[in-house]
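Asks: Before I ask anything, here is the structure I am working with.
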Protein chains: 2
Amino acid sequence: MLLGDSLTERSAAPFGLSQLLSDAYIRKLDVVTRGFSGYNTQWILPVFEKVLAKRNERQNLAKIQLLTIWLGANDATLPGEAQHVPLEAFKENLSKLIRMVKDPTSEWYSPETRIIVLTPPPINTAGWAEFLRVYGNPPRDTTDRVFDGPKTYALAAKDVAQQEGVVVVDTWTLLWEAAGEKEENLMKFLCDGLHLSSEGYKLVYDALIETILRHYPEIHFDKPFMAYPAWTDLNGANYMEKLKDSSVRKAETKQS
Amino acid sequence: MLLGDSLTERSAAPFGLSQLLSDAYIRKLDVVTRGFSGYNTQWILPVFEKVLAKRNERQNLAKIQLLTIWLGANDATLPGEAQHVPLEAFKENLSKLIRMVKDPTSEWYSPETRIIVLTPPPINTAGWAEFLRVYGNPPRDTTDRVFDGPKTYALAAKDVAQQEGVVVVDTWTLLWEAAGEKEENLMKFLCDGLHLSSEGYKLVYDALIETILRHYPEIHFDKPFMAYPAWTDLNGANYMEKLKDSSVRKAETKQS
């Protein structure tokens with residue numbers, strides 16, 4: 001499950017994060033996209049309480065093997081903006097999201113769910129200001145975020161993840177370093193100064209897969225789990241036996 | 001839920017059917033891809049019995065709003081091939097798949113699930129023969145299917161769908177007509193003579209959406225149902241109320 005804001009919601013598009021994962025994990029794990037454009041951690045909290053099944057609601061539901069939490073980009077808007085969440089509240093909210101899953105006393109406790117926190121990516125302030133001037137709803141001449149915003153919230157997200165003992169993919173540093181630490185070079189990885197381009201998503205995807213391989217190799221897509229046998233193994237009269245063997249359909253989900 | 005063979009399994013790739021639907025239905029409906037490369041209707045039947053929840057297993061599971069069944073391409077291989085299913089058996093199997101969902105006495109009865117049958121697409125025999133010669137596993141000089149195969153099975157699938165009272169997207173005729181009824185022109189819509197190219201998937205996607213609009217307009221992606229409000233509606237102290245209002249999260253699924 002991918003929990004997040006527009007960076008997640010838009011990622012079902014070709015070469016977005018959700019799309020790349022869906023393709024890589026076909027017949028292995030379903031990718032469930034729970035991205036909500038514009039949302040901050042404050043608004044996501046009650047939503048996550050709804051989209052995540054409680055312990056007593058999980059009969060016949062697929063287990064969530066991996067949860068990515070990719071938030072902070074909107075919290076990091078300037079104070080006074082509707083989306084802004086103060087840094088301390090952001091940290092607290094992120095902790096809450098993690099503890100909903102990790103705390104044994106939580107109604108949503110899910111010990112089998114691995115969590116990876118993604119930090120908010122860096123922005124190109126000139127690109128985003130231009131976007132707001134032309135396409136803002138309504139168009140506006142003032143910006144709603146500055147370069148240091150996501151940088152600060154990315155650091156905070158890393159701190160929280162470390163505190164809570166969960167794994168991080170630091171997309172802020174990843175893209176910043178890929179851009180040679182030059183703000184203008186970021187436009188290669190961003191489509192409008194804020195949202196990711198295909199190239200941006202590719203970097204994040206590669207880093208996420210590498211992180212899965214390092215920390216959770218048992219769910220790397222190369223591991224030999226696949227829902228139902230390859231058709232070339234079904235030739236013959238005993239195909240029903242092979243299709244009934246649960247060992248060959250570990251990843252089956254029954255999700256809908 | 002998209003049930004099918006490799007035409008479905010591969011369609012989570014960029015510009016594939018599953019990908020296009022996932023993007024169009026983001027925050028509206030989850031797309032669950034259940035494609036199994038090489039499978040015919042005979043092998044799919046026991047699989048469908050596993051991947052579809054039974055009536056008594058559905059507690060807290062999302063309803064399947066739409067089920068597409070896209071099979072027959074492998075049934076239509078030549079007699080003697082491992083994947084071949086005789087025409088009459090194919091028709092019977094397709095009926096069984098439909099009745100699993102539609103028959104009130106079925107363990108898998110799901111009156112709220114709309115079904116659309118997709119017919120197998122036409123093939124370019126020279127392209128596919130070449131593929132088998134070079135990339136076959138193992139490479140082979142004889143082909144495993146002929147032009148008339150999917151044509152015949154497509155007609156049969158249409159018959160069965162009509163008999164069972166479910167809607168059809170006739171991808172065979174769609175692609176054939178788009179190719180000006182010339183086999184060589186089909187290569188625009190096929191990547192190897194058998195599987196669809198992005199252009200092929202685009203035709204199928206457009207036809208499917210048009211069919212949804214005509215027969216099931218209530219689940220066309222343009223209908224104003226979206227999981228949770230737009231963030232611009234959350235500004236203000238009463239955001240919790242808005243996030244709790246079930247009328248704005250009709251499409252929420254809790255699938256995993």
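Residue numbering restarts at 1 for every chain of the structure tokens, chains are lettered A, B, ... in their displayed order, and ligands are numbered from 1 as they appear.
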Taking only C-alpha atoms into account, report as a ChimeraX atom specification which residues of chain B lie within 8 Å of chain A.
Replies: /B:1,9-10,12-15,19-20,22-23,26-27,30,32-39,43,46-47,50-53,57-64,82-83,228,230-232,234-235,239-240,243-244,252-256
Asks: What's around range 115-129 of chain A at 7 Å? Count only C-alpha atoms, leave out sequence neighbours fewer than 4 positions away in its own chain, and write the answer as an MDAnalysis selection string.
Replies: chainID A and resid 66:73 133 143 146:147 150:151 154 157 161 166:172 175:176 183:184 186:187 192:194
Asks: If you measure from CA of Asp148 in chain A to CA of Ile212 in chain A, what distance in Å do you get, rounded to one decimal?
Replies: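 Pair CA of Asp148 in chain A / CA of Ile212 in chain A returns 28.7 Å.
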Asks: Could you please determine the separation between CA of Ala76 in chain A and CA of Lys158 in chain A in Å, to one decimal place?
Replies: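 Calculated distance between CA of Ala76 in chain A and CA of Lys158 in chain A is 14.6 Å.
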Asks: One number please: CA of Leu29 in chain B to CA of Phe225 in chain B, in Å, one decimal.
Replies: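 Separation of CA of Leu29 in chain B and CA of Phe225 in chain B: 9.4 Å.
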Asks: I'd like the neighbourhood of Phe48 in chain B as a list in words, where a residue qualifies if any of its atoms comes within 10 Å (using only C-alpha atoms), though same-chain residues fewer than 6 positions away should be ignored.
Replies: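 Skipping anything fewer than 6 positions along the chain leaves Leu3, Gly4, Arg34, Thr41, Leu97, Met100 and Trp108 of chain B.
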Asks: Within 8 Å of Arg55 in chain A, counting only C-alpha atoms, which residues qualify if same-chain residues fewer than 4 places away don't, as a PyMOL selection string?
Replies: chain A and resi 107-110
Asks: Per DSSP on the backbone, filter range 1-226 of chain A down to the residues in helix (DSSP H, G or I) and report them as a compact mmCIF listing (two decimals) with N, CA, C and O atoms, in the first residue's frame.
Replies:
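Result saved to result.txt:
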# COMPACT_ATOMS: atom_id res chain seq x y z
N SER A 6 -0.25 13.93 -3.57
CA SER A 6 -0.31 13.89 -5.04
C SER A 6 0.89 13.15 -5.65
O SER A 6 0.77 12.59 -6.74
N LEU A 7 2.02 13.15 -4.95
CA LEU A 7 3.18 12.41 -5.47
C LEU A 7 2.82 10.94 -5.61
O LEU A 7 3.34 10.25 -6.49
N THR A 8 1.94 10.47 -4.76
CA THR A 8 1.47 9.09 -4.84
C THR A 8 0.26 8.98 -5.77
O THR A 8 0.20 8.07 -6.61
N GLU A 9 -0.70 9.90 -5.62
CA GLU A 9 -1.92 9.80 -6.43
C GLU A 9 -1.61 9.81 -7.92
O GLU A 9 -2.23 9.09 -8.70
N ARG A 10 -0.66 10.65 -8.31
CA ARG A 10 -0.36 10.76 -9.74
C ARG A 10 0.54 9.64 -10.25
O ARG A 10 0.86 9.59 -11.43
N SER A 11 0.98 8.77 -9.36
CA SER A 11 2.02 7.83 -9.75
C SER A 11 1.50 6.56 -10.40
O SER A 11 2.27 5.65 -10.69
N ALA A 12 0.18 6.50 -10.65
CA ALA A 12 -0.37 5.40 -11.45
C ALA A 12 -0.23 5.69 -12.94
O ALA A 12 -0.49 4.84 -13.78
N LEU A 17 5.58 5.94 -9.82
CA LEU A 17 6.03 4.95 -8.85
C LEU A 17 5.06 3.77 -8.73
O LEU A 17 5.47 2.60 -8.75
N SER A 18 3.78 4.07 -8.60
CA SER A 18 2.78 3.00 -8.47
C SER A 18 2.76 2.12 -9.72
O SER A 18 2.66 0.89 -9.63
N GLN A 19 2.86 2.74 -10.88
CA GLN A 19 2.85 1.97 -12.13
C GLN A 19 4.07 1.06 -12.20
O GLN A 19 3.95 -0.13 -12.54
N LEU A 20 5.23 1.58 -11.90
CA LEU A 20 6.46 0.77 -12.00
C LEU A 20 6.38 -0.40 -11.02
O LEU A 20 6.78 -1.53 -11.36
N LEU A 21 5.85 -0.14 -9.82
CA LEU A 21 5.73 -1.22 -8.85
C LEU A 21 4.69 -2.25 -9.28
O LEU A 21 4.90 -3.46 -9.15
N SER A 22 3.56 -1.77 -9.80
CA SER A 22 2.50 -2.69 -10.25
C SER A 22 3.03 -3.64 -11.31
O SER A 22 2.71 -4.83 -11.33
N ASP A 23 3.83 -3.11 -12.20
CA ASP A 23 4.38 -3.91 -13.29
C ASP A 23 5.42 -4.90 -12.75
O ASP A 23 5.40 -6.08 -13.08
N ALA A 24 6.29 -4.43 -11.87
CA ALA A 24 7.35 -5.29 -11.33
C ALA A 24 6.78 -6.39 -10.45
O ALA A 24 7.32 -7.50 -10.40
N THR A 41 -0.31 15.60 6.62
CA THR A 41 -0.42 14.50 7.60
C THR A 41 -1.64 14.64 8.49
O THR A 41 -2.18 13.64 8.99
N GLN A 42 -2.08 15.87 8.69
CA GLN A 42 -3.25 16.09 9.55
C GLN A 42 -4.52 15.54 8.90
O GLN A 42 -5.34 14.90 9.56
N TRP A 43 -4.67 15.78 7.62
CA TRP A 43 -5.85 15.31 6.90
C TRP A 43 -5.77 13.80 6.60
O TRP A 43 -6.79 13.13 6.48
N ILE A 44 -4.54 13.33 6.45
CA ILE A 44 -4.38 11.90 6.11
C ILE A 44 -4.72 11.01 7.30
O ILE A 44 -5.22 9.89 7.11
N LEU A 45 -4.47 11.48 8.51
CA LEU A 45 -4.67 10.62 9.68
C LEU A 45 -6.07 9.99 9.73
O LEU A 45 -6.17 8.76 9.79
N PRO A 46 -7.14 10.79 9.69
CA PRO A 46 -8.46 10.15 9.72
C PRO A 46 -8.74 9.30 8.48
O PRO A 46 -9.52 8.34 8.55
N VAL A 47 -8.11 9.65 7.35
CA VAL A 47 -8.29 8.85 6.14
C VAL A 47 -7.62 7.48 6.31
O VAL A 47 -8.19 6.45 5.99
N PHE A 48 -6.41 7.49 6.84
CA PHE A 48 -5.69 6.23 7.04
C PHE A 48 -6.46 5.32 7.99
O PHE A 48 -6.48 4.10 7.83
N GLU A 49 -7.14 5.94 8.97
CA GLU A 49 -7.95 5.13 9.89
C GLU A 49 -9.08 4.42 9.16
O GLU A 49 -9.57 3.39 9.61
N LYS A 50 -9.49 5.00 8.04
CA LYS A 50 -10.56 4.37 7.26
C LYS A 50 -10.02 3.36 6.25
O LYS A 50 -10.60 2.30 6.02
N VAL A 51 -8.93 3.71 5.57
CA VAL A 51 -8.48 2.84 4.48
C VAL A 51 -7.70 1.63 4.99
O VAL A 51 -7.55 0.63 4.29
N ARG A 55 -7.76 -4.56 13.12
CA ARG A 55 -7.43 -5.97 13.38
C ARG A 55 -8.66 -6.86 13.30
O ARG A 55 -8.58 -7.97 12.79
N ASN A 56 -9.76 -6.36 13.81
CA ASN A 56 -10.97 -7.20 13.83
C ASN A 56 -11.77 -7.13 12.53
O ASN A 56 -12.87 -7.66 12.44
N GLU A 57 -11.23 -6.46 11.52
CA GLU A 57 -11.95 -6.36 10.23
C GLU A 57 -11.22 -7.15 9.14
O GLU A 57 -11.57 -7.03 7.97
N LEU A 87 6.08 22.07 12.00
CA LEU A 87 7.04 20.97 12.00
C LEU A 87 6.82 19.96 13.12
O LEU A 87 6.84 18.74 12.88
N GLU A 88 6.58 20.47 14.32
CA GLU A 88 6.40 19.55 15.45
C GLU A 88 5.15 18.69 15.27
O GLU A 88 5.14 17.49 15.58
N ALA A 89 4.09 19.34 14.76
CA ALA A 89 2.84 18.59 14.52
C ALA A 89 3.04 17.56 13.41
O ALA A 89 2.52 16.43 13.47
N PHE A 90 3.82 17.92 12.40
CA PHE A 90 4.12 16.99 11.32
C PHE A 90 4.82 15.74 11.88
O PHE A 90 4.46 14.61 11.57
N LYS A 91 5.82 15.98 12.73
CA LYS A 91 6.56 14.86 13.31
C LYS A 91 5.64 13.97 14.15
O LYS A 91 5.71 12.74 14.08
N GLU A 92 4.78 14.63 14.90
CA GLU A 92 3.84 13.88 15.74
C GLU A 92 2.87 13.05 14.88
O GLU A 92 2.60 11.88 15.17
N ASN A 93 2.38 13.69 13.83
CA ASN A 93 1.44 12.98 12.95
C ASN A 93 2.10 11.79 12.26
O ASN A 93 1.50 10.72 12.13
N LEU A 94 3.31 11.98 11.82
CA LEU A 94 4.03 10.89 11.14
C LEU A 94 4.26 9.72 12.12
O LEU A 94 4.07 8.55 11.77
N SER A 95 4.62 10.08 13.33
CA SER A 95 4.75 9.05 14.37
C SER A 95 3.43 8.30 14.56
O SER A 95 3.41 7.08 14.66
N LYS A 96 2.35 9.05 14.61
CA LYS A 96 1.04 8.42 14.81
C LYS A 96 0.72 7.44 13.71
O LYS A 96 0.20 6.34 13.95
N LEU A 97 1.00 7.84 12.46
CA LEU A 97 0.73 6.95 11.32
C LEU A 97 1.52 5.65 11.49
O LEU A 97 0.98 4.55 11.27
N ILE A 98 2.78 5.78 11.85
CA ILE A 98 3.62 4.59 12.00
C ILE A 98 3.13 3.73 13.16
O ILE A 98 3.01 2.51 13.05
N ARG A 99 2.80 4.39 14.27
CA ARG A 99 2.37 3.63 15.46
C ARG A 99 1.02 2.95 15.28
O ARG A 99 0.74 1.95 15.91
N MET A 100 0.17 3.54 14.44
CA MET A 100 -1.09 2.86 14.15
C MET A 100 -0.82 1.44 13.70
O MET A 100 -1.57 0.51 14.02
N VAL A 101 0.25 1.25 12.95
CA VAL A 101 0.58 -0.07 12.40
C VAL A 101 1.47 -0.88 13.35
O VAL A 101 1.31 -2.08 13.50
N LYS A 102 2.38 -0.18 14.02
CA LYS A 102 3.45 -0.87 14.77
C LYS A 102 3.15 -1.10 16.25
O LYS A 102 3.78 -1.95 16.88
N THR A 125 11.91 26.25 -6.87
CA THR A 125 10.98 27.32 -6.48
C THR A 125 10.54 28.18 -7.66
O THR A 125 9.37 28.56 -7.75
N ALA A 126 11.46 28.44 -8.59
CA ALA A 126 11.09 29.27 -9.75
C ALA A 126 10.06 28.54 -10.62
O ALA A 126 9.08 29.12 -11.08
N GLY A 127 10.29 27.24 -10.83
CA GLY A 127 9.36 26.44 -11.64
C GLY A 127 7.98 26.41 -11.03
O GLY A 127 6.96 26.58 -11.71
N TRP A 128 7.93 26.23 -9.71
CA TRP A 128 6.62 26.12 -9.04
C TRP A 128 5.92 27.47 -8.98
O TRP A 128 4.70 27.55 -9.16
N ALA A 129 6.68 28.54 -8.79
CA ALA A 129 6.09 29.88 -8.76
C ALA A 129 5.45 30.19 -10.12
O ALA A 129 4.35 30.74 -10.21
N GLU A 130 6.17 29.79 -11.17
CA GLU A 130 5.65 29.99 -12.52
C GLU A 130 4.37 29.18 -12.73
O GLU A 130 3.40 29.65 -13.31
N PHE A 131 4.38 27.97 -12.22
CA PHE A 131 3.18 27.12 -12.33
C PHE A 131 1.99 27.79 -11.65
O PHE A 131 0.89 27.85 -12.22
N LEU A 132 2.22 28.31 -10.46
CA LEU A 132 1.13 28.95 -9.71
C LEU A 132 0.62 30.20 -10.43
O LEU A 132 -0.57 30.48 -10.45
N ARG A 133 1.56 30.94 -11.05
CA ARG A 133 1.16 32.15 -11.79
C ARG A 133 0.26 31.81 -12.96
O ARG A 133 -0.69 32.52 -13.26
N VAL A 134 0.57 30.71 -13.62
CA VAL A 134 -0.16 30.36 -14.85
C VAL A 134 -1.33 29.41 -14.60
O VAL A 134 -2.43 29.61 -15.09
N TYR A 135 -1.08 28.39 -13.81
CA TYR A 135 -2.10 27.34 -13.64
C TYR A 135 -2.70 27.27 -12.25
O TYR A 135 -3.49 26.38 -11.95
N ASP A 148 13.61 25.70 1.32
CA ASP A 148 13.99 25.07 2.59
C ASP A 148 12.87 24.27 3.25
O ASP A 148 13.14 23.45 4.14
N GLY A 149 11.64 24.51 2.80
CA GLY A 149 10.51 23.80 3.42
C GLY A 149 10.66 22.29 3.38
O GLY A 149 10.84 21.63 4.41
N PRO A 150 10.60 21.71 2.19
CA PRO A 150 10.70 20.25 2.13
C PRO A 150 12.02 19.71 2.67
O PRO A 150 12.07 18.60 3.21
N LYS A 151 13.08 20.51 2.56
CA LYS A 151 14.37 20.09 3.11
C LYS A 151 14.26 19.86 4.63
O LYS A 151 14.67 18.83 5.15
N THR A 152 13.65 20.84 5.29
CA THR A 152 13.46 20.75 6.74
C THR A 152 12.54 19.58 7.11
O THR A 152 12.82 18.81 8.04
N TYR A 153 11.45 19.44 6.35
CA TYR A 153 10.49 18.37 6.67
C TYR A 153 11.06 16.99 6.32
O TYR A 153 10.71 15.99 6.95
N ALA A 154 11.95 16.96 5.33
CA ALA A 154 12.60 15.69 4.99
C ALA A 154 13.50 15.24 6.14
O ALA A 154 13.49 14.06 6.54
N LEU A 155 14.26 16.17 6.67
CA LEU A 155 15.12 15.85 7.81
C LEU A 155 14.29 15.37 9.00
O LEU A 155 14.64 14.39 9.67
N ALA A 156 13.18 16.07 9.22
CA ALA A 156 12.30 15.69 10.33
C ALA A 156 11.72 14.29 10.12
O ALA A 156 11.64 13.48 11.05
N ALA A 157 11.35 13.99 8.88
CA ALA A 157 10.79 12.67 8.57
C ALA A 157 11.83 11.58 8.84
O ALA A 157 11.51 10.50 9.36
N LYS A 158 13.07 11.86 8.47
CA LYS A 158 14.15 10.91 8.74
C LYS A 158 14.30 10.67 10.25
O LYS A 158 14.46 9.53 10.69
N ASP A 159 14.27 11.77 11.01
CA ASP A 159 14.37 11.65 12.46
C ASP A 159 13.26 10.78 13.03
O ASP A 159 13.51 9.89 13.84
N VAL A 160 12.04 11.08 12.59
CA VAL A 160 10.90 10.32 13.10
C VAL A 160 11.05 8.84 12.76
O VAL A 160 10.84 7.96 13.61
N ALA A 161 11.41 8.56 11.54
CA ALA A 161 11.54 7.17 11.11
C ALA A 161 12.59 6.46 11.96
O ALA A 161 12.38 5.33 12.42
N GLN A 162 13.70 7.14 12.19
CA GLN A 162 14.76 6.54 12.99
C GLN A 162 14.27 6.26 14.42
O GLN A 162 14.47 5.18 14.97
N GLN A 163 13.61 7.28 14.96
CA GLN A 163 13.03 7.16 16.30
C GLN A 163 12.07 5.97 16.40
O GLN A 163 12.06 5.26 17.40
N GLU A 164 11.27 5.81 15.35
CA GLU A 164 10.26 4.75 15.38
C GLU A 164 10.81 3.42 14.88
O GLU A 164 10.09 2.43 14.80
N THR A 171 14.17 10.65 -0.37
CA THR A 171 14.06 11.13 -1.75
C THR A 171 14.58 12.56 -1.87
O THR A 171 15.00 12.97 -2.94
N TRP A 172 14.52 13.31 -0.76
CA TRP A 172 15.05 14.68 -0.83
C TRP A 172 16.54 14.64 -1.22
O TRP A 172 16.94 15.24 -2.23
N THR A 173 17.32 13.90 -0.47
CA THR A 173 18.76 13.84 -0.72
C THR A 173 19.06 13.16 -2.06
O THR A 173 19.95 13.58 -2.80
N LEU A 174 18.29 12.13 -2.35
CA LEU A 174 18.45 11.39 -3.60
C LEU A 174 18.36 12.31 -4.82
O LEU A 174 19.24 12.33 -5.69
N LEU A 175 17.29 13.11 -4.87
CA LEU A 175 17.10 13.98 -6.03
C LEU A 175 18.06 15.17 -6.00
O LEU A 175 18.54 15.62 -7.05
N TRP A 176 18.31 15.64 -4.80
CA TRP A 176 19.22 16.78 -4.65
C TRP A 176 20.61 16.40 -5.16
O TRP A 176 21.24 17.15 -5.92
N GLU A 177 21.08 15.24 -4.77
CA GLU A 177 22.41 14.81 -5.21
C GLU A 177 22.42 14.48 -6.71
O GLU A 177 23.39 14.78 -7.41
N ALA A 178 21.33 13.90 -7.17
CA ALA A 178 21.24 13.60 -8.61
C ALA A 178 21.26 14.88 -9.44
O ALA A 178 21.67 14.88 -10.60
N GLU A 183 19.74 23.83 -7.70
CA GLU A 183 18.28 23.89 -7.78
C GLU A 183 17.78 23.85 -9.22
O GLU A 183 16.76 23.22 -9.52
N GLU A 184 18.49 24.54 -10.11
CA GLU A 184 17.98 24.59 -11.50
C GLU A 184 18.03 23.21 -12.17
O GLU A 184 17.21 22.90 -13.02
N ASN A 185 18.98 22.38 -11.74
CA ASN A 185 19.06 21.03 -12.32
C ASN A 185 17.92 20.12 -11.88
O ASN A 185 17.70 19.06 -12.47
N LEU A 186 17.22 20.52 -10.84
CA LEU A 186 16.12 19.69 -10.35
C LEU A 186 15.01 19.53 -11.37
O LEU A 186 14.23 18.57 -11.32
N MET A 187 14.89 20.48 -12.30
CA MET A 187 13.79 20.43 -13.26
C MET A 187 13.82 19.18 -14.13
O MET A 187 12.82 18.84 -14.75
N LYS A 188 14.95 18.50 -14.16
CA LYS A 188 15.02 17.23 -14.88
C LYS A 188 14.12 16.19 -14.19
O LYS A 188 13.59 15.30 -14.84
N SER A 198 8.91 11.55 -14.98
CA SER A 198 9.24 10.12 -15.09
C SER A 198 10.64 9.86 -14.56
O SER A 198 10.89 8.86 -13.88
N GLU A 199 11.55 10.76 -14.87
CA GLU A 199 12.93 10.55 -14.42
C GLU A 199 13.04 10.65 -12.90
O GLU A 199 13.83 9.93 -12.29
N GLY A 200 12.27 11.54 -12.32
CA GLY A 200 12.25 11.64 -10.86
C GLY A 200 11.70 10.36 -10.24
O GLY A 200 12.27 9.81 -9.30
N TYR A 201 10.57 9.90 -10.78
CA TYR A 201 9.97 8.67 -10.25
C TYR A 201 10.92 7.48 -10.40
O TYR A 201 10.98 6.61 -9.55
N LYS A 202 11.66 7.46 -11.52
CA LYS A 202 12.58 6.33 -11.74
C LYS A 202 13.64 6.27 -10.65
O LYS A 202 13.95 5.19 -10.12
N LEU A 203 14.17 7.43 -10.28
CA LEU A 203 15.15 7.47 -9.19
C LEU A 203 14.55 6.95 -7.88
O LEU A 203 15.16 6.15 -7.17
N VAL A 204 13.34 7.42 -7.59
CA VAL A 204 12.69 7.01 -6.34
C VAL A 204 12.38 5.51 -6.37
O VAL A 204 12.62 4.79 -5.40
N TYR A 205 11.89 5.04 -7.50
CA TYR A 205 11.59 3.61 -7.65
C TYR A 205 12.85 2.77 -7.45
O TYR A 205 12.85 1.80 -6.69
N ASP A 206 13.92 3.14 -8.11
CA ASP A 206 15.16 2.37 -7.99
C ASP A 206 15.66 2.35 -6.54
O ASP A 206 16.10 1.31 -6.05
N ALA A 207 15.57 3.50 -5.89
CA ALA A 207 16.02 3.56 -4.50
C ALA A 207 15.12 2.72 -3.59
O ALA A 207 15.60 2.05 -2.67
N LEU A 208 13.83 2.74 -3.88
CA LEU A 208 12.89 1.94 -3.08
C LEU A 208 13.18 0.45 -3.25
O LEU A 208 13.24 -0.31 -2.27
N ILE A 209 13.39 0.02 -4.48
CA ILE A 209 13.66 -1.39 -4.74
C ILE A 209 14.98 -1.81 -4.09
O ILE A 209 15.09 -2.90 -3.50
N GLU A 210 15.96 -0.95 -4.17
CA GLU A 210 17.24 -1.24 -3.54
C GLU A 210 17.08 -1.37 -2.01
O GLU A 210 17.69 -2.24 -1.38
N THR A 211 16.23 -0.51 -1.47
CA THR A 211 15.96 -0.54 -0.02
C THR A 211 15.22 -1.82 0.36
O THR A 211 15.49 -2.43 1.39
N ILE A 212 14.27 -2.22 -0.47
CA ILE A 212 13.56 -3.48 -0.23
C ILE A 212 14.56 -4.64 -0.26
O ILE A 212 14.55 -5.52 0.61
N LEU A 213 15.43 -4.62 -1.23
CA LEU A 213 16.42 -5.70 -1.36
C LEU A 213 17.32 -5.76 -0.13
O LEU A 213 17.68 -6.84 0.34
N ARG A 214 17.69 -4.61 0.38
CA ARG A 214 18.61 -4.58 1.51
C ARG A 214 17.91 -4.96 2.82
O ARG A 214 18.42 -5.73 3.61
N HIS A 215 16.70 -4.40 3.02
CA HIS A 215 16.05 -4.58 4.33
C HIS A 215 15.00 -5.69 4.35
O HIS A 215 14.79 -6.31 5.38
N PRO A 217 14.55 -8.42 1.81
CA PRO A 217 14.81 -9.18 0.57
C PRO A 217 13.73 -10.22 0.28
O PRO A 217 13.53 -10.59 -0.88
N GLU A 218 13.02 -10.66 1.32
CA GLU A 218 12.00 -11.70 1.12
C GLU A 218 10.83 -11.20 0.28
O GLU A 218 10.06 -12.01 -0.26
N ILE A 219 10.68 -9.88 0.15
CA ILE A 219 9.61 -9.39 -0.72
C ILE A 219 10.15 -8.63 -1.94
O ILE A 219 9.42 -7.90 -2.60
